[in-house]
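Okay, structure first, notes after.
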Amino acid sequence: TELSLLEIRVGKIVEIAKHPEADSLYVEKVDVGEPSGPRTIVSGLVKFCTEENLLNRHVIVLCNLKPRPLKGIASHGMLLCASNSDHTMVSRTTHP
(Lines give C-alpha, C1' and ligand atoms only; values in the text may rest on other atoms or scores of the structure.)
Protein backbone atom coordinates (compact mmCIF):
# COMPACT_ATOMS: atom_id res chain seq x y z
CA THR A 1 0.00 0.00 0.00
CA GLU A 2 1.02 3.62 -0.28
CA LEU A 3 1.16 3.86 3.51
CA SER A 4 4.01 1.34 3.52
CA LEU A 5 6.11 3.81 1.50
CA LEU A 6 6.23 6.24 4.44
CA GLU A 7 9.31 6.09 6.66
CA ILE A 8 7.86 6.94 10.06
CA ARG A 9 10.15 7.05 13.10
CA VAL A 10 10.02 8.13 16.70
CA GLY A 11 12.38 11.01 17.44
CA LYS A 12 13.23 13.25 20.35
CA ILE A 13 13.37 17.04 20.05
CA VAL A 14 16.78 17.88 21.49
CA GLU A 15 16.89 21.55 20.51
CA ILE A 16 14.25 24.08 19.50
CA ALA A 17 14.17 27.79 18.65
CA LYS A 18 11.94 30.19 16.80
CA HIS A 19 12.87 30.65 13.15
CA PRO A 20 14.93 33.84 12.78
CA GLU A 21 12.87 34.99 9.77
CA ALA A 22 9.37 33.67 10.52
CA ASP A 23 7.37 34.20 13.71
CA SER A 24 5.11 31.21 13.01
CA LEU A 25 7.88 28.63 12.60
CA TYR A 26 10.11 26.61 14.91
CA VAL A 27 13.46 25.14 13.93
CA GLU A 28 13.93 21.86 15.77
CA LYS A 29 16.80 19.41 16.02
CA VAL A 30 15.23 15.96 16.20
CA ASP A 31 17.21 12.86 17.09
CA VAL A 32 15.84 9.88 15.16
CA GLY A 33 18.84 7.64 15.89
CA GLU A 34 20.87 8.33 12.78
CA PRO A 35 24.70 8.20 12.91
CA SER A 36 24.84 11.66 11.27
CA GLY A 37 23.11 13.17 14.30
CA PRO A 38 19.84 15.05 14.78
CA ARG A 39 17.84 16.22 11.77
CA THR A 40 16.83 19.83 11.31
CA ILE A 41 13.06 20.10 10.93
CA VAL A 42 11.11 23.31 10.46
CA SER A 43 7.52 23.23 11.71
CA GLY A 44 4.61 25.65 11.95
CA LEU A 45 3.71 24.83 15.54
CA VAL A 46 4.39 28.20 17.22
CA LYS A 47 0.66 29.03 17.53
CA PHE A 48 -0.11 25.66 19.11
CA CYS A 49 2.83 24.51 21.28
CA THR A 50 5.38 26.26 23.44
CA GLU A 51 9.08 25.53 23.15
CA GLU A 52 8.96 24.11 26.67
CA ASN A 53 6.15 21.75 25.68
CA LEU A 54 8.21 20.37 22.79
CA LEU A 55 11.80 20.31 24.06
CA ASN A 56 12.98 16.82 25.08
CA ARG A 57 9.65 15.29 24.00
CA HIS A 58 9.23 12.29 21.76
CA VAL A 59 7.50 12.97 18.45
CA ILE A 60 6.50 11.02 15.36
CA VAL A 61 8.59 12.03 12.33
CA LEU A 62 8.03 11.44 8.63
CA CYS A 63 11.64 10.95 7.51
CA ASN A 64 11.69 10.12 3.81
CA LEU A 65 10.76 13.51 2.43
CA LYS A 66 13.08 15.48 0.20
CA PRO A 67 14.71 18.36 2.10
CA ARG A 68 12.67 21.50 1.55
CA PRO A 69 13.78 25.05 2.37
CA LEU A 70 11.36 26.95 4.59
CA LYS A 71 12.28 30.61 4.85
CA GLY A 72 15.90 29.78 4.06
CA ILE A 73 16.39 26.77 6.37
CA ALA A 74 16.26 23.25 4.91
CA SER A 75 13.74 21.01 6.66
CA HIS A 76 14.66 17.31 6.62
CA GLY A 77 11.34 15.77 7.61
CA MET A 78 7.96 16.55 9.09
CA LEU A 79 6.53 16.24 12.58
CA LEU A 80 3.21 14.44 12.53
CA CYS A 81 0.50 16.17 14.55
CA ALA A 82 -3.21 15.81 15.17
CA SER A 83 -5.76 18.60 14.74
CA ASN A 84 -9.44 19.26 15.01
CA SER A 85 -11.50 19.67 11.82
CA ASP A 86 -10.97 23.43 11.50
CA HIS A 87 -7.27 23.30 12.50
CA THR A 88 -7.68 25.67 15.42
CA MET A 89 -6.22 23.08 17.81
CA VAL A 90 -3.08 21.13 16.94
CA SER A 91 -1.02 18.82 19.14
CA ARG A 92 2.01 16.65 18.65
CA THR A 93 1.50 12.94 18.30
CA THR A 94 3.45 10.55 20.51
CA HIS A 95 4.47 6.94 20.21
CA PRO A 96 2.39 4.25 21.92
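By order of appearance in the C-alpha coordinates: chains A, B, ..., then residues from 1 within every chain, and ligands from 1 in the order shown.
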What lies within 10 Å of stretch 15-17 of chain A using only C-alpha atoms, ignoring chain neighbours under 3 positions off, as a list in words? Lys12, Pro20, Leu25, Tyr26, Val27, Glu28, Lys29, Val30, Asp31, Pro38, Thr40, Ile41, Val42, Val46, Thr50, Glu51, Glu52, Leu54, Leu55 and Asn56 of chain A
Contacts of stretch 86-94 of chain A at 9 Å (only C-alpha atoms; same-chain gap of 3+ positions) as number ranges by chain: A: 10, 45, 47-49, 54, 57-60, 79-83
Quick one: write out the picked residues with N, CA and C atoms as a short mmCIF file (atom, residue, chain, number, x, y, z; two decimals), in the first residue's frame?
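out_34.cif was written with the following content:
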```cif
data_model
loop_
_atom_site.label_atom_id
_atom_site.label_comp_id
_atom_site.auth_asym_id
_atom_site.auth_seq_id
_atom_site.Cartn_x
_atom_site.Cartn_y
_atom_site.Cartn_z
N VAL A 10 10.14 7.36 15.47
CA VAL A 10 10.02 8.13 16.70
C VAL A 10 11.32 8.90 16.87
N LEU A 45 4.43 25.12 14.30
CA LEU A 45 3.71 24.83 15.54
C LEU A 45 3.71 25.96 16.57
N LYS A 47 1.98 28.63 17.02
CA LYS A 47 0.66 29.03 17.53
C LYS A 47 0.05 28.00 18.47
N PHE A 48 0.56 26.76 18.42
CA PHE A 48 -0.11 25.66 19.11
C PHE A 48 0.67 25.06 20.27
N CYS A 49 1.99 25.15 20.25
CA CYS A 49 2.83 24.51 21.28
C CYS A 49 3.94 25.46 21.70
N LEU A 54 7.63 21.23 23.82
CA LEU A 54 8.21 20.37 22.79
C LEU A 54 9.62 19.87 23.12
N ARG A 57 10.83 16.15 24.16
CA ARG A 57 9.65 15.29 24.00
C ARG A 57 9.84 14.38 22.80
N HIS A 58 9.23 13.21 22.88
CA HIS A 58 9.23 12.29 21.76
C HIS A 58 8.12 12.70 20.79
N VAL A 59 8.44 12.60 19.51
CA VAL A 59 7.50 12.97 18.45
C VAL A 59 7.55 11.91 17.36
N ILE A 60 6.54 11.90 16.53
CA ILE A 60 6.50 11.02 15.36
C ILE A 60 6.97 11.85 14.16
N LEU A 79 7.12 16.75 11.36
CA LEU A 79 6.53 16.24 12.58
C LEU A 79 5.06 15.95 12.32
N LEU A 80 4.62 14.77 12.71
CA LEU A 80 3.21 14.44 12.53
C LEU A 80 2.42 14.91 13.75
N CYS A 81 1.33 15.60 13.48
CA CYS A 81 0.50 16.17 14.55
C CYS A 81 -0.96 15.82 14.28
N ALA A 82 -1.76 16.01 15.29
CA ALA A 82 -3.21 15.81 15.17
C ALA A 82 -3.88 17.16 15.31
N SER A 83 -5.02 17.33 14.62
CA SER A 83 -5.76 18.60 14.74
C SER A 83 -7.25 18.32 14.72
#
```
Looking only at the backbone, which of the residues in chain A does DSSP tag as strand (DSSP E or B), as a ChimeraX atom specification? /A:8-19,22-31,39-43,58-62,68-70,73-75,78-79,81-83,90-92
Considering only alpha helix (DSSP H) as DSSP defines it on the backbone, what residues of chain A qualify? List them as a PyMOL selection string. chain A and resi 51-54
Straight-line distance linking atom CA of A:Ile8 with atom CA of A:Cys63, stated in Å to one decimal: 6.1 Å
Interatomic distance between atom CA of A:Asp23 and atom CA of A:Ser75?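 That distance, rounded to one decimal, is 16.3 Å.
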Please identify all polymer residues within 7 Å of A:His76, counting only C-alpha atoms, omitting same-chain residues fewer than 6 positions from it, and present them as a VMD selection string. chain A and resid 39 to 41 65 to 68
